[in-house]
>>> print(open('protein-v4.txt').read())   # compact mmCIF, C-alpha atoms
# COMPACT_ATOMS: atom_id res chain seq x y z
CA MET S 1380 -18.70 15.02 9.01
CA ALA S 1381 -17.49 15.39 5.43
CA ASP S 1382 -16.97 12.16 3.54
CA THR S 1383 -13.32 11.18 3.73
CA PHE S 1384 -13.27 8.04 1.56
CA VAL S 1385 -14.91 9.06 -1.67
CA LYS S 1386 -15.39 7.35 -4.99
CA ILE S 1387 -14.07 9.67 -7.67
CA GLN S 1388 -14.93 7.50 -10.68
CA THR S 1389 -15.67 3.93 -11.71
CA ILE S 1390 -14.92 2.72 -15.22
CA THR S 1391 -16.46 -0.56 -16.40
CA VAL S 1392 -15.53 -1.84 -19.84
CA GLY S 1393 -18.47 -2.41 -22.15
CA PRO S 1394 -19.23 -5.13 -24.72
CA THR S 1395 -16.90 -3.75 -27.40
CA GLY S 1396 -13.86 -3.81 -25.11
CA SER S 1397 -11.24 -1.12 -24.67
CA THR S 1398 -7.48 -0.81 -24.95
CA ASP S 1399 -7.22 1.57 -22.04
CA ILE S 1400 -8.85 2.70 -18.82
CA ASN S 1401 -8.17 6.35 -18.11
CA PHE S 1402 -8.78 8.53 -15.08
CA SER S 1403 -8.15 12.14 -16.02
CA SER S 1404 -8.67 15.50 -14.35
CA ILE S 1405 -8.18 13.91 -10.92
CA PRO S 1406 -9.07 16.51 -8.29
CA SER S 1407 -6.25 17.76 -6.07
CA THR S 1408 -8.48 18.01 -3.03
CA TYR S 1409 -7.72 14.64 -1.42
CA THR S 1410 -4.73 13.44 0.60
CA ASP S 1411 -4.27 9.99 -0.91
CA LEU S 1412 -5.61 8.04 -3.89
CA LYS S 1413 -6.61 4.38 -4.05
CA LEU S 1414 -7.19 2.61 -7.35
CA VAL S 1415 -8.95 -0.75 -7.16
CA PHE S 1416 -9.09 -2.92 -10.28
CA SER S 1417 -10.42 -6.17 -11.69
CA LEU S 1418 -9.08 -6.90 -15.18
CA ARG S 1419 -9.12 -9.41 -18.01
CA THR S 1420 -7.81 -8.98 -21.57
CA THR S 1421 -8.08 -10.60 -24.98
CA TYR S 1422 -4.43 -11.65 -24.92
CA THR S 1423 -3.95 -15.41 -25.41
CA GLY S 1424 -0.16 -15.84 -25.31
CA ALA S 1425 -0.18 -16.69 -21.61
CA ALA S 1426 -2.69 -16.87 -18.79
CA ASN S 1427 -1.90 -13.34 -17.64
CA GLN S 1428 -0.84 -10.04 -19.16
CA ASP S 1429 1.13 -7.14 -17.72
CA ILE S 1430 -0.74 -3.84 -17.93
CA SER S 1431 1.21 -0.60 -18.20
CA VAL S 1432 0.12 2.05 -15.72
CA PHE S 1433 1.20 5.61 -16.49
CA LEU S 1434 0.84 8.71 -14.37
CA ASN S 1435 0.06 12.06 -16.00
CA ASN S 1436 0.55 10.45 -19.40
CA ASN S 1437 4.26 10.36 -18.62
CA GLY S 1438 6.25 7.38 -19.87
CA SER S 1439 9.53 7.94 -18.06
CA SER S 1440 11.16 8.07 -14.61
CA TYR S 1441 9.60 4.94 -13.15
CA SER S 1442 11.09 2.11 -11.13
CA TYR S 1443 9.73 -0.73 -9.06
CA ARG S 1444 10.76 -3.52 -6.73
CA GLN S 1445 8.54 -6.53 -6.23
CA ILE S 1446 8.16 -9.83 -4.48
CA TYR S 1447 5.80 -12.41 -5.93
CA GLY S 1448 4.83 -16.01 -5.48
CA THR S 1449 3.71 -18.42 -8.15
CA GLY S 1450 2.33 -21.21 -6.01
CA ASN S 1451 5.52 -23.23 -6.05
CA ASN S 1452 8.21 -20.57 -5.93
CA VAL S 1453 8.89 -17.00 -4.82
CA PHE S 1454 10.86 -14.31 -6.61
CA SER S 1455 11.97 -10.72 -6.17
CA THR S 1456 12.92 -8.40 -9.01
CA TYR S 1457 13.80 -4.78 -9.64
CA ALA S 1458 13.35 -2.79 -12.84
CA ALA S 1459 13.83 0.82 -13.90
CA SER S 1460 10.52 0.86 -15.72
CA THR S 1461 6.80 1.28 -15.12
CA PRO S 1462 5.37 -1.00 -12.45
CA ASN S 1463 2.57 -3.02 -13.97
CA ALA S 1464 -0.89 -4.01 -13.01
CA VAL S 1465 -1.70 -7.56 -14.04
CA ALA S 1466 -4.72 -8.94 -15.82
CA ASP S 1467 -6.09 -12.40 -16.42
CA SER S 1468 -6.05 -13.11 -20.15
CA ASN S 1469 -8.37 -15.06 -22.42
CA ALA S 1470 -5.97 -17.99 -22.07
CA ALA S 1471 -6.90 -18.21 -18.38
CA THR S 1472 -9.82 -20.07 -16.87
CA SER S 1473 -13.04 -18.48 -18.07
CA ASN S 1474 -14.70 -15.79 -15.94
CA THR S 1475 -11.52 -15.07 -13.96
CA PHE S 1476 -10.35 -11.50 -13.51
CA SER S 1477 -7.30 -10.17 -11.67
CA ASN S 1478 -7.74 -8.32 -8.39
CA GLY S 1479 -5.58 -5.55 -7.06
CA GLU S 1480 -5.09 -2.05 -5.79
CA PHE S 1481 -2.70 0.85 -6.05
CA TYR S 1482 -2.27 3.22 -3.09
CA PHE S 1483 -0.80 6.68 -3.71
CA PRO S 1484 -0.15 8.57 -0.46
CA ASN S 1485 0.31 12.34 -0.65
CA TYR S 1486 -0.30 12.33 -4.41
CA THR S 1487 -0.27 16.14 -4.66
CA SER S 1488 2.97 16.68 -2.75
CA SER S 1489 6.10 18.10 -4.34
CA ASN S 1490 8.05 14.94 -3.47
CA TYR S 1491 8.70 12.04 -5.80
CA LYS S 1492 5.64 9.78 -5.88
CA SER S 1493 6.07 6.47 -4.04
CA TYR S 1494 3.21 4.00 -4.18
CA SER S 1495 2.18 0.49 -3.22
CA ILE S 1496 0.62 -2.17 -5.44
CA ASP S 1497 -0.99 -5.35 -4.11
CA GLN S 1498 -2.41 -7.72 -6.71
CA VAL S 1499 -3.30 -11.32 -7.35
CA ILE S 1500 -4.28 -13.65 -10.17
CA GLU S 1501 -5.96 -16.89 -9.24
CA ASN S 1502 -7.56 -19.13 -11.86
CA ASN S 1503 -7.18 -22.62 -10.44
CA ALA S 1504 -4.57 -23.35 -13.08
CA LEU S 1505 -1.24 -22.00 -14.32
CA ASN S 1506 0.37 -18.54 -14.16
CA THR S 1507 -1.35 -17.63 -10.92
CA ASN S 1508 0.67 -15.12 -8.96
CA SER S 1509 0.45 -12.97 -5.86
CA TYR S 1510 2.44 -9.70 -5.81
CA LEU S 1511 3.61 -6.99 -3.43
CA ILE S 1512 5.15 -4.11 -5.38
CA ALA S 1513 6.85 -0.86 -4.43
CA GLY S 1514 6.60 1.72 -7.19
CA LEU S 1515 8.31 5.06 -7.65
CA TRP S 1516 7.63 7.83 -10.15
CA SER S 1517 10.61 10.17 -9.85
CA ASN S 1518 8.58 13.25 -10.65
CA THR S 1519 7.49 16.07 -8.34
CA ALA S 1520 4.26 16.86 -10.17
CA ALA S 1521 0.92 16.23 -8.52
CA ILE S 1522 -0.81 13.19 -9.98
CA ASN S 1523 -3.76 14.29 -12.12
CA GLN S 1524 -4.11 11.33 -14.49
CA ILE S 1525 -3.81 7.57 -14.21
CA SER S 1526 -3.94 5.40 -17.31
CA LEU S 1527 -4.06 1.60 -17.56
CA GLN S 1528 -3.10 0.40 -21.02
CA SER S 1529 -3.39 -3.09 -22.46
CA GLY S 1530 -1.35 -2.38 -25.58
CA ALA S 1531 -2.36 -4.36 -28.65
CA TYR S 1532 -5.11 -6.20 -26.79
CA ASN S 1533 -8.46 -5.20 -25.32
CA PHE S 1534 -9.72 -5.19 -21.79
CA VAL S 1535 -12.78 -7.43 -21.98
CA GLN S 1536 -16.27 -6.52 -20.90
CA TYR S 1537 -16.76 -6.28 -17.10
CA SER S 1538 -13.16 -5.28 -16.45
CA THR S 1539 -13.47 -2.50 -13.90
CA ALA S 1540 -11.38 0.08 -12.10
CA THR S 1541 -12.50 2.47 -9.37
CA LEU S 1542 -10.56 5.48 -8.17
CA TYR S 1543 -11.11 6.65 -4.59
CA GLY S 1544 -9.96 9.82 -2.91
CA ILE S 1545 -9.07 9.70 0.79
CA LYS S 1546 -8.92 12.81 2.96
CA ASN S 1547 -7.04 13.00 6.25
CA SER S 1548 -9.36 15.67 7.66
CA MET K 394 -24.30 9.86 4.68
CA ALA K 395 -22.60 8.29 7.68
CA SER K 396 -18.83 8.37 7.43
CA THR K 397 -17.35 4.88 7.67
CA TYR K 398 -13.66 5.71 7.09
CA THR K 399 -12.84 8.52 9.46
CA PRO K 400 -9.53 10.30 10.05
CA ILE K 401 -8.77 10.22 13.77
CA ALA K 402 -5.52 12.19 13.67
CA THR K 403 -2.82 13.20 11.26
CA TYR K 404 0.73 14.32 11.94
CA THR K 405 3.57 15.71 9.86
CA VAL K 406 7.10 15.63 11.25
CA ALA K 407 8.45 19.19 11.23
CA SER K 408 11.97 18.36 12.36
CA ALA K 409 13.64 15.05 13.03
CA GLN K 410 12.11 13.21 15.97
CA ALA K 411 12.44 9.77 17.47
CA SER K 412 8.82 8.69 17.53
CA TYR K 413 5.20 9.77 17.36
CA THR K 414 2.27 8.60 19.47
CA PHE K 415 -1.40 8.57 18.54
CA SER K 416 -3.00 8.81 21.96
CA SER K 417 -6.54 8.69 23.34
CA ILE K 418 -7.75 6.60 20.41
CA PRO K 419 -11.52 6.29 20.62
CA SER K 420 -12.91 2.82 21.17
CA THR K 421 -15.90 3.48 18.94
CA TYR K 422 -14.55 2.10 15.65
CA THR K 423 -14.27 -1.48 14.46
CA ASP K 424 -10.83 -1.40 12.85
CA LEU K 425 -7.94 1.02 12.50
CA VAL K 426 -5.80 1.84 9.45
CA LEU K 427 -2.50 3.69 9.73
CA ILE K 428 -1.14 5.30 6.56
CA GLY K 429 2.43 6.55 6.64
CA SER K 430 4.77 8.19 4.19
CA CYS K 431 8.11 8.18 5.92
CA LYS K 432 11.84 8.40 5.93
CA SER K 433 14.36 7.66 8.69
CA SER K 434 17.61 9.35 9.65
CA ALA K 435 19.57 6.27 8.58
CA GLY K 436 22.65 6.64 6.43
CA SER K 437 22.51 5.73 2.77
CA GLY K 438 22.04 2.03 2.22
CA SER K 439 20.59 1.37 5.68
CA SER K 440 16.92 0.47 5.82
CA TYR K 441 15.06 0.50 9.12
CA SER K 442 11.60 -0.91 9.61
CA LEU K 443 8.58 0.88 11.00
CA GLY K 444 8.42 -0.14 14.65
CA MET K 445 5.13 -0.05 16.52
CA ARG K 446 4.05 -0.28 20.17
CA PHE K 447 0.60 -0.21 21.70
CA ASN K 448 -0.51 1.51 24.90
CA GLY K 449 3.05 2.48 25.73
CA ASP K 450 4.03 -1.14 26.31
CA ALA K 451 7.80 -1.43 25.82
CA GLY K 452 8.01 -4.97 27.21
CA THR K 453 9.03 -7.97 25.15
CA ASN K 454 5.43 -8.70 24.22
CA TYR K 455 5.66 -8.40 20.44
CA SER K 456 6.47 -10.67 17.52
CA SER K 457 6.52 -10.25 13.75
CA THR K 458 6.70 -12.46 10.66
CA TYR K 459 7.50 -10.96 7.31
CA ILE K 460 8.30 -11.59 3.66
CA ILE K 461 10.75 -9.27 1.98
CA GLY K 462 12.00 -8.77 -1.55
CA SER K 463 15.27 -7.02 -2.30
CA GLY K 464 14.81 -6.94 -6.05
CA SER K 465 16.91 -10.06 -6.48
CA THR K 466 16.24 -12.19 -3.42
CA ALA K 467 12.99 -13.13 -1.68
CA THR K 468 13.19 -14.12 1.95
CA SER K 469 11.11 -14.46 5.06
CA GLY K 470 11.99 -13.83 8.66
CA ARG K 471 10.68 -13.48 12.18
CA SER K 472 11.30 -11.64 15.41
CA THR K 473 9.91 -13.01 18.67
CA SER K 474 9.65 -11.72 22.23
CA ALA K 475 10.64 -8.27 20.99
CA SER K 476 9.98 -4.84 22.47
CA TYR K 477 8.14 -3.69 19.36
CA MET K 478 6.50 -5.16 16.29
CA MET K 479 7.35 -4.45 12.65
CA PRO K 480 3.96 -4.63 10.94
CA ALA K 481 4.81 -2.92 7.67
CA GLY K 482 8.17 -2.58 6.00
CA THR K 483 11.47 -0.75 5.76
CA MET K 484 11.60 2.95 5.07
CA ALA K 485 13.75 5.21 2.92
CA TRP K 486 17.01 6.49 4.41
CA SER K 487 17.76 10.15 5.03
CA ALA K 488 19.37 11.02 1.68
CA SER K 489 16.77 9.16 -0.37
CA SER K 490 14.55 11.01 -2.79
CA GLU K 491 11.51 8.98 -1.74
CA PHE K 492 9.23 8.81 1.26
CA THR K 493 8.14 5.22 1.76
CA PRO K 494 4.41 4.35 1.80
CA MET K 495 3.36 2.28 4.83
CA ILE K 496 -0.11 0.77 5.19
CA VAL K 497 -1.03 -1.00 8.43
CA ASN K 498 -4.41 -2.56 9.20
CA ILE K 499 -5.35 -3.24 12.83
CA PRO K 500 -8.66 -5.11 12.93
CA ASN K 501 -10.86 -5.44 15.98
CA TYR K 502 -8.56 -3.23 18.02
CA SER K 503 -10.89 -2.39 20.89
CA ASN K 504 -11.91 -5.85 22.04
CA THR K 505 -10.68 -7.07 25.41
CA THR K 506 -10.61 -10.80 24.72
CA THR K 507 -8.02 -11.39 22.00
CA TYR K 508 -4.37 -10.60 21.42
CA LYS K 509 -3.98 -7.80 18.88
CA THR K 510 -2.74 -8.35 15.34
CA ALA K 511 -1.56 -5.81 12.80
CA ILE K 512 -0.95 -6.58 9.13
CA GLY K 513 0.70 -4.31 6.67
CA ARG K 514 3.21 -3.59 3.98
CA GLY K 515 5.95 -1.13 3.14
CA SER K 516 7.10 -0.09 -0.32
CA GLN K 517 10.66 1.18 -0.33
CA THR K 518 11.43 1.13 -4.05
CA GLY K 519 15.05 2.00 -3.35
CA ALA K 520 15.67 -1.13 -1.30
CA TYR K 521 12.90 -3.50 -0.19
CA VAL K 522 9.27 -4.36 -0.62
CA MET K 523 7.87 -6.07 2.45
CA GLY K 524 4.68 -7.53 3.85
CA SER K 525 4.38 -8.34 7.51
CA VAL K 526 2.15 -9.33 10.38
CA GLY K 527 2.73 -8.31 13.98
CA LEU K 528 1.29 -9.63 17.24
CA TRP K 529 0.93 -7.87 20.59
CA ARG K 530 0.36 -10.42 23.30
CA SER K 531 -2.17 -8.41 25.25
CA THR K 532 -5.94 -8.54 25.45
CA SER K 533 -6.16 -4.84 26.28
CA ALA K 534 -8.07 -2.54 23.97
CA ILE K 535 -5.65 -0.39 21.98
CA ASN K 536 -5.84 3.23 23.06
CA SER K 537 -2.49 4.50 21.82
CA ILE K 538 -0.09 3.66 19.00
CA THR K 539 3.57 4.71 18.97
CA VAL K 540 5.62 4.50 15.79
CA ALA K 541 9.37 4.86 15.39
CA PRO K 542 12.16 3.63 13.10
CA GLU K 543 12.83 0.50 15.18
CA PHE K 544 12.94 2.78 18.26
CA SER K 545 16.57 3.56 17.51
CA LEU K 546 16.60 6.39 14.92
CA ASN K 547 14.60 9.50 14.00
CA PHE K 548 11.85 10.14 11.52
CA GLU K 549 12.96 12.79 9.08
CA ALA K 550 11.06 16.02 8.52
CA GLY K 551 8.27 15.63 6.01
CA SER K 552 7.27 12.16 7.21
CA THR K 553 3.51 11.96 7.61
CA PHE K 554 1.14 9.65 9.48
CA THR K 555 -2.64 9.47 9.48
CA LEU K 556 -4.74 7.16 11.63
CA TYR K 557 -8.19 6.26 10.31
CA GLY K 558 -11.04 4.53 12.08
CA ILE K 559 -13.35 2.20 10.18
CA LYS K 560 -16.81 1.30 11.37
CA ALA K 561 -18.46 -1.93 10.32
CA ALA K 562 -21.85 -0.20 10.45
>>> encode(input="protein-v4.txt", output="structure tokens")
Amino acid sequence: MADTFVKIQTITVGPTGSTDINFSSIPSTYTDLKLVFSLRTTYTGAANQDISVFLNNNGSSYSYRQIYGTGNNVFSTYAASTPNAVADSNAATSNTFSNGEFYFPNYTSSNYKSYSIDQVIENNALNTNSYLIAGLWSNTAAINQISLQSGAYNFVQYSTATLYGIKNS
Amino acid sequence: MASTYTPIATYTVASAQASYTFSSIPSTYTDLVLIGSCKSSAGSGSSYSLGMRFNGDAGTNYSSTYIIGSGSTATSGRSTSASYMMPAGTMAWSASSEFTPMIVNIPNYSNTTTYKTAIGRGSQTGAYVMGSVGLWRSTSAINSITVAPEFSLNFEAGSTFTLYGIKAA
């Protein structure tokens, strides 16, 4: 039987760091996509950093709704902006990296692109959160690029992201 | 290479229908994963959850516990002794521009000694993000799964469902 859960690409940040992790030229031959990540950045302003995630290098038409817990409280928010991945920062306990995944069903369809994000940060200290996020890219284009961007800071060495393709036949 | 994540069946709703059943599910896998991308026939502003029954059991043998975020309020709730479980989340209404991703994991589905648990999440950016666990108080192996918008509305055309089997080895 043909493989139906296939690794498309793994990106692991090297010793010089990187400000972005990009998956481009994503094949259109799968049904769904799954992006699994483990991230840490050089940011030091807080124990975690929001990471912008853009589809097809497009910076508009996003929205998200989330629920998250901090260990002593729970919140829900909505924003008409890009849903973020989250990374441990260099202000967090050493050797800790965030953990999460994006799931994009029917990523080549001509519908708007709805997706799920599950992610956690745990560092045995402050700013540790657990998230469930609903994301929407109000664009009918097939997804062919996914970019994680850390802005003015670097992803540190050993940050990784793996993109999988899932076929329903 | 042996396939460890195998599509069992996939279905796309062609015209509005009340439910869909995955029948004759093989007992040869370890776990099941149901991926949905769905919309109900609800009017604008009304969000219905994905309802699920096993083996055609419509008795009050199900319960669910969930967390839900509206974008401003985070809450948790339960249903007990119900005629279906809600193991994922709410789905987009008929006029919505999105189809809601649903991901449901059903581990150890074919054993005949334990009650069956399903855990999942739904990502309706237009209304709610939700994580949930459902319980079916039966030790029977699962051989069919029926899904419906709370067994009271229709799935809209274009809704899709794929059932995958996962083998531990």
>>> interface_residues(input="protein-v4.txt", of="chain S", to="chain K", cutoff="10 Å", atoms="only C-alpha atoms", output="PyMOL selection string")
chain S and resi 1380-1385+1410-1411+1442-1448+1452-1458+1482-1485+1490-1497+1511-1517+1545-1548
>>> write_last_selection(input="protein-v4.txt", atoms="C-alpha atoms", output="mmCIF file, in the coordinates of the input")
data_model
loop_
_atom_site.group_PDB
_atom_site.id
_atom_site.type_symbol
_atom_site.label_atom_id
_atom_site.label_comp_id
_atom_site.auth_asym_id
_atom_site.auth_seq_id
_atom_site.Cartn_x
_atom_site.Cartn_y
_atom_site.Cartn_z
ATOM 1 C CA MET S 1380 -18.700 15.020 9.010
ATOM 2 C CA ALA S 1381 -17.490 15.390 5.430
ATOM 3 C CA ASP S 1382 -16.970 12.160 3.540
ATOM 4 C CA THR S 1383 -13.320 11.180 3.730
ATOM 5 C CA PHE S 1384 -13.270 8.040 1.560
ATOM 6 C CA VAL S 1385 -14.910 9.060 -1.670
ATOM 7 C CA THR S 1410 -4.730 13.440 0.600
ATOM 8 C CA ASP S 1411 -4.270 9.990 -0.910
ATOM 9 C CA SER S 1442 11.090 2.110 -11.130
ATOM 10 C CA TYR S 1443 9.730 -0.730 -9.060
ATOM 11 C CA ARG S 1444 10.760 -3.520 -6.730
ATOM 12 C CA GLN S 1445 8.540 -6.530 -6.230
ATOM 13 C CA ILE S 1446 8.160 -9.830 -4.480
ATOM 14 C CA TYR S 1447 5.800 -12.410 -5.930
ATOM 15 C CA GLY S 1448 4.830 -16.010 -5.480
ATOM 16 C CA ASN S 1452 8.210 -20.570 -5.930
ATOM 17 C CA VAL S 1453 8.890 -17.000 -4.820
ATOM 18 C CA PHE S 1454 10.860 -14.310 -6.610
ATOM 19 C CA SER S 1455 11.970 -10.720 -6.170
ATOM 20 C CA THR S 1456 12.920 -8.400 -9.010
ATOM 21 C CA TYR S 1457 13.800 -4.780 -9.640
ATOM 22 C CA ALA S 1458 13.350 -2.790 -12.840
ATOM 23 C CA TYR S 1482 -2.270 3.220 -3.090
ATOM 24 C CA PHE S 1483 -0.800 6.680 -3.710
ATOM 25 C CA PRO S 1484 -0.150 8.570 -0.460
ATOM 26 C CA ASN S 1485 0.310 12.340 -0.650
ATOM 27 C CA ASN S 1490 8.050 14.940 -3.470
ATOM 28 C CA TYR S 1491 8.700 12.040 -5.800
ATOM 29 C CA LYS S 1492 5.640 9.780 -5.880
ATOM 30 C CA SER S 1493 6.070 6.470 -4.040
ATOM 31 C CA TYR S 1494 3.210 4.000 -4.180
ATOM 32 C CA SER S 1495 2.180 0.490 -3.220
ATOM 33 C CA ILE S 1496 0.620 -2.170 -5.440
ATOM 34 C CA ASP S 1497 -0.990 -5.350 -4.110
ATOM 35 C CA LEU S 1511 3.610 -6.990 -3.430
ATOM 36 C CA ILE S 1512 5.150 -4.110 -5.380
ATOM 37 C CA ALA S 1513 6.850 -0.860 -4.430
ATOM 38 C CA GLY S 1514 6.600 1.720 -7.190
ATOM 39 C CA LEU S 1515 8.310 5.060 -7.650
ATOM 40 C CA TRP S 1516 7.630 7.830 -10.150
ATOM 41 C CA SER S 1517 10.610 10.170 -9.850
ATOM 42 C CA ILE S 1545 -9.070 9.700 0.790
ATOM 43 C CA LYS S 1546 -8.920 12.810 2.960
ATOM 44 C CA ASN S 1547 -7.040 13.000 6.250
ATOM 45 C CA SER S 1548 -9.360 15.670 7.660
#
>>> residues_near_point(input="protein-v4.txt", point="(-3.2, -0.2, -21.4)", cutoff="9 Å", atoms="all atoms listed in the file", output="ChimeraX atom specification")
/S:1397-1401,1429-1433,1526-1534
>>> atom_distance(input="protein-v4.txt", atom1="CA of Thr405 in chain K", atom2="CA of Pro480 in chain K")
20.4 Å
>>> closest_residue(input="protein-v4.txt", among="S:Phe1416, S:Tyr1422, S:Tyr1409, S:Tyr1537", to="Ala1470 in chain S", atoms="only C-alpha atoms")
S:Tyr1422
>>> residues_around(input="protein-v4.txt", residues="range 434-449 of chain K", least_positions_apart="3", cutoff="9 Å", atoms="all atoms listed in the file", output="PyMOL selection string")
chain K and resi 409+414+416+431+455+476-489+495+515+517+519-521+527+529+533-544+546-549
>>> residues_around(input="protein-v4.txt", residues="Ser456 in chain K", least_positions_apart="6", cutoff="6 Å", atoms="all atoms listed in the file", output="list in words")
Ser472, Thr473, Ser474, Ala475, Met478, Gly527 and Leu528 of chain K
>>> residues_around(input="protein-v4.txt", residues="Ala550 in chain K", least_positions_apart="6", cutoff="6 Å", atoms="all atoms listed in the file", output="PyMOL selection string")
chain K and resi 406-409
>>> closest_residue(input="protein-v4.txt", among="S:Ala1466, S:Leu1505, S:Ala1520, S:Ile1390", to="Asn1478 in chain S", atoms="only C-alpha atoms")
S:Ala1466
>>> atom_distance(input="protein-v4.txt", atom1="CA of Thr1519 in chain S", atom2="CA of Ile1387 in chain S")
22.5 Å
>>> atom_distance(input="protein-v4.txt", atom1="CA of Ser545 in chain K", atom2="CA of Lys432 in chain K")
13.4 Å
>>> closest_residue(input="protein-v4.txt", among="S:Ala1540, S:Leu1434, S:Ala1425, S:Ile1522", to="Ala1504 in chain S", atoms="all atoms listed in the file")
S:Ala1425
>>> residues_around(input="protein-v4.txt", residues="Val1499 in chain S", least_positions_apart="6", cutoff="7 Å", atoms="all atoms listed in the file", output="ChimeraX atom specification")
/S:1477-1479,1508-1510
>>> closest_residue(input="protein-v4.txt", among="S:Ile1500, S:Ala1521, S:Val1465, S:Val1535", to="Thr1408 in chain S", atoms="all atoms listed in the file")
S:Ala1521
